[in-house]
Amino acid sequence: RLHQPNSQFTTDDRRYTNTNTKTTMNRFTCTIALLATASTNALVTNQSTTKPAFASDRRNFFGVLGGAAAVAAVAVTGVAPPANAAGAIKTGPANPFTGDYDDPNHPDCLRQVKVVGVPIKADGSRPLYAKVEVTGYDGKEGETTCKDRPTRADLWKVTGKTRGGDEALLDFTSKGGPADLVGKWDGSGIVFPDGNKWNKLSFAPRNRRPEDMSTLSEGPL
């Protein structure tokens with residue numbers, strides 16, 4: 001009799017937990033079902049007007065259903081997925097910063113920007129930024145225009161990271177500049193705080209890079 005109240009409390013507690021779990025699952029299932037039905041009706045309506053291909057309809061259906069599942073998960077748990085969960089940070093050619101540029105302050109000199117991924121964090125999440133690598137050449141001492149191809153030893157390199165989709169923070173301390181110089185993408189090039197703009201090229205000039213270096217891209221971008 002002395003242990004009966006504790007035993008009764010444990011049983012009731014388990015029943016309460018199971019009831020809450022079942023209620024949560026039922027809400028999730030109902031939400032999915034309702035959203036899937038709405039998605040199907042939308043596709044049927046679309047078919048009555050345009051009659052798209054079956055494969056396209058099937059992709060659309062599962063795409064909408066996947067989105068519905070995400071919405072339902074947020075509705076049930078109250079927790080939204082991370083902003084970068086779908087790989088929002090673009091790297092390589094997909095990022096507008098990637099490419100070769102003309103620098104008005106150093107005509108015909110190498111200015112190449114690369115945007116690369118960074119390692120996943122210890123907790124398994126992806127950082128909200130990508131790494132930016134800038135490789136350049138300023139010409140021979142005393143000259144303002146690059147007339148000859150550089151050697152490997154002539155090249156300088158600075159690094160940084162993206163901030164959002166149209167800004168990059170660059171560390172120019174190795175060249176006597178600031179550690180967090182902001183470069184802003186304006187649709188056709190990179191604009192810096194002093195007003196200088198690197199204009200993006202539609203190709204990568206071979207004569208601006210060392211003859212023996214194959215790590216920099218060559219030819220059309």
# chains A, B, ... in the order shown; residues from 1 in each chain; ligands from 1
$ residues_around --residues "Phe172 in chain A" --least-positions-apart "5" --cutoff "9 Å" --atoms "only C-alpha atoms" --output "list in words"
Lys157, Val158, Thr159, Gly160, Gly177, Pro178, Ala179, Asp180 and Leu181 of chain A
$ residues_around --residues "Glu143 in chain A" --least-positions-apart "4" --cutoff "12 Å" --atoms "only C-alpha atoms" --output "list in words"
Asn105, His106, Pro107, Asp108, Cys109, Tyr137, Asp138, Gly139, Lys147 and Asp148 of chain A
$ atom_distance --atom1 "CA of Asn95 in chain A" --atom2 "CA of Trp156 in chain A"
22.2 Å
$ select_by_dssp --residues "range 142-185 of chain A" --states "strand (DSSP E or B)" --output "ChimeraX atom specification"
/A:156-162,167-171,181-185
$ write_last_selection --atoms "all heavy atoms" --output "CSV table (one decimal), in the first residue's frame"
chain,number,residue,atom,x,y,z
A,156,TRP,N,49.6,37.7,-55.7
A,156,TRP,CA,49.2,37.8,-54.3
A,156,TRP,C,47.8,37.2,-54.2
A,156,TRP,O,47.1,37.0,-55.1
A,156,TRP,CB,49.2,39.3,-53.9
A,156,TRP,CG,48.4,40.2,-54.8
A,156,TRP,CD1,48.9,41.1,-55.7
A,156,TRP,CD2,47.0,40.4,-54.8
A,156,TRP,NE1,47.9,41.8,-56.4
A,156,TRP,CE2,46.7,41.4,-55.8
A,156,TRP,CE3,45.9,39.9,-54.1
A,156,TRP,CZ2,45.4,41.8,-56.1
A,156,TRP,CZ3,44.6,40.3,-54.3
A,156,TRP,CH2,44.4,41.3,-55.3
A,157,LYS,N,47.5,36.9,-52.9
A,157,LYS,CA,46.2,36.2,-52.7
A,157,LYS,C,45.6,36.7,-51.4
A,157,LYS,O,46.3,36.8,-50.4
A,157,LYS,CB,46.4,34.7,-52.6
A,157,LYS,CG,45.1,33.9,-52.5
A,157,LYS,CD,45.3,32.4,-52.7
A,157,LYS,CE,44.0,31.7,-52.7
A,157,LYS,NZ,44.3,30.2,-52.8
A,158,VAL,N,44.4,37.1,-51.4
A,158,VAL,CA,43.6,37.5,-50.2
A,158,VAL,C,42.4,36.6,-50.1
A,158,VAL,O,41.9,36.1,-51.1
A,158,VAL,CB,43.2,38.9,-50.1
A,158,VAL,CG1,44.5,39.8,-50.3
A,158,VAL,CG2,42.3,39.3,-51.3
A,159,THR,N,41.9,36.4,-48.9
A,159,THR,CA,40.7,35.6,-48.7
A,159,THR,C,39.7,36.3,-47.9
A,159,THR,O,40.0,37.4,-47.3
A,159,THR,CB,41.1,34.3,-47.9
A,159,THR,OG1,41.6,34.6,-46.6
A,159,THR,CG2,42.1,33.4,-48.7
A,160,GLY,N,38.5,35.8,-47.8
A,160,GLY,CA,37.4,36.4,-47.1
A,160,GLY,C,36.2,35.5,-47.1
A,160,GLY,O,36.4,34.2,-47.3
A,161,LYS,N,35.1,36.0,-46.9
A,161,LYS,CA,33.9,35.2,-46.8
A,161,LYS,C,32.7,36.0,-47.4
A,161,LYS,O,32.7,37.2,-47.3
A,161,LYS,CB,33.6,34.7,-45.4
A,161,LYS,CG,33.3,35.8,-44.4
A,161,LYS,CD,33.1,35.3,-43.0
A,161,LYS,CE,32.8,36.3,-42.0
A,161,LYS,NZ,32.6,35.8,-40.6
A,162,THR,N,31.7,35.3,-47.8
A,162,THR,CA,30.4,35.9,-48.3
A,162,THR,C,29.6,36.4,-47.1
A,162,THR,O,29.7,35.9,-46.0
A,162,THR,CB,29.6,35.0,-49.1
A,162,THR,OG1,29.2,33.8,-48.4
A,162,THR,CG2,30.4,34.5,-50.4
A,167,GLU,N,27.3,40.4,-51.0
A,167,GLU,CA,28.4,41.1,-50.3
A,167,GLU,C,29.5,40.1,-49.9
A,167,GLU,O,29.2,38.9,-49.7
A,167,GLU,CB,28.0,41.8,-49.0
A,167,GLU,CG,27.2,43.1,-49.3
A,167,GLU,CD,27.0,43.9,-48.0
A,167,GLU,OE1,27.2,43.4,-46.9
A,167,GLU,OE2,26.6,45.1,-48.2
A,168,ALA,N,30.8,40.5,-49.9
A,168,ALA,CA,31.9,39.7,-49.5
A,168,ALA,C,32.8,40.6,-48.6
A,168,ALA,O,33.0,41.8,-48.8
A,168,ALA,CB,32.7,39.2,-50.7
A,169,LEU,N,33.2,40.0,-47.5
A,169,LEU,CA,34.2,40.6,-46.6
A,169,LEU,C,35.6,40.1,-46.9
A,169,LEU,O,35.8,38.9,-46.7
A,169,LEU,CB,33.8,40.3,-45.1
A,169,LEU,CG,32.4,40.9,-44.7
A,169,LEU,CD1,32.2,40.5,-43.2
A,169,LEU,CD2,32.4,42.4,-44.8
A,170,LEU,N,36.5,40.9,-47.3
A,170,LEU,CA,37.8,40.5,-47.7
A,170,LEU,C,38.9,41.0,-46.8
A,170,LEU,O,38.8,42.2,-46.4
A,170,LEU,CB,38.1,41.0,-49.2
A,170,LEU,CG,37.0,40.5,-50.2
A,170,LEU,CD1,37.3,41.2,-51.5
A,170,LEU,CD2,37.1,39.0,-50.4
A,171,ASP,N,39.9,40.2,-46.5
A,171,ASP,CA,41.0,40.5,-45.6
A,171,ASP,C,42.2,41.0,-46.5
A,171,ASP,O,42.9,40.2,-47.0
A,171,ASP,CB,41.3,39.3,-44.7
A,171,ASP,CG,42.4,39.6,-43.7
A,171,ASP,OD1,42.9,40.8,-43.7
A,171,ASP,OD2,42.8,38.7,-43.0
A,181,LEU,N,37.3,44.5,-45.6
A,181,LEU,CA,36.9,45.3,-46.7
A,181,LEU,C,35.7,44.7,-47.4
A,181,LEU,O,35.6,43.6,-47.7
A,181,LEU,CB,38.0,45.4,-47.8
A,181,LEU,CG,37.8,46.3,-48.9
A,181,LEU,CD1,37.7,47.8,-48.5
A,181,LEU,CD2,38.9,46.2,-50.0
A,182,VAL,N,34.6,45.6,-47.5
A,182,VAL,CA,33.4,45.1,-48.1
A,182,VAL,C,33.4,45.3,-49.6
A,182,VAL,O,33.6,46.4,-50.1
A,182,VAL,CB,32.2,45.9,-47.5
A,182,VAL,CG1,30.9,45.4,-48.1
A,182,VAL,CG2,32.1,45.7,-46.0
A,183,GLY,N,33.1,44.2,-50.3
A,183,GLY,CA,32.9,44.2,-51.7
A,183,GLY,C,31.5,43.9,-52.0
A,183,GLY,O,31.0,42.8,-51.6
A,184,LYS,N,30.8,44.8,-52.7
A,184,LYS,CA,29.4,44.5,-53.0
A,184,LYS,C,29.1,44.2,-54.5
A,184,LYS,O,29.6,45.0,-55.4
A,184,LYS,CB,28.6,45.8,-52.6
A,184,LYS,CG,27.0,45.6,-52.7
A,184,LYS,CD,26.3,46.7,-52.1
A,184,LYS,CE,24.8,46.5,-52.1
A,184,LYS,NZ,24.4,45.4,-51.3
A,185,TRP,N,28.4,43.2,-54.8
A,185,TRP,CA,28.0,42.8,-56.1
A,185,TRP,C,26.9,43.6,-56.6
A,185,TRP,O,25.8,43.7,-55.9
A,185,TRP,CB,27.7,41.3,-56.2
A,185,TRP,CG,27.1,40.9,-57.5
A,185,TRP,CD1,25.8,40.7,-57.9
A,185,TRP,CD2,27.9,40.7,-58.7
A,185,TRP,NE1,25.8,40.3,-59.2
A,185,TRP,CE2,27.0,40.3,-59.7
A,185,TRP,CE3,29.3,40.7,-59.0
A,185,TRP,CZ2,27.4,40.0,-61.0
A,185,TRP,CZ3,29.7,40.4,-60.3
A,185,TRP,CH2,28.8,40.1,-61.3
$ atom_distance --atom1 "CA of Pro150 in chain A" --atom2 "CA of Asn207 in chain A"
8.7 Å
$ atom_distance --atom1 "CA of Arg163 in chain A" --atom2 "CA of Arg208 in chain A"
28.4 Å
$ closest_residue --among "A:Met213, A:Val118, A:Leu110, A:Ala94" --to "Ala130 in chain A" --atoms "only C-alpha atoms"
A:Val118
$ closest_residue --among "A:Lys175, A:Lys140, A:Lys114, A:Lys131" --to "Asp100 in chain A" --atoms "only C-alpha atoms"
A:Lys114
$ closest_residue --among "A:Arg206, A:Arg149, A:Arg111, A:Lys200" --to "Gly187 in chain A" --atoms "only C-alpha atoms"
A:Lys200
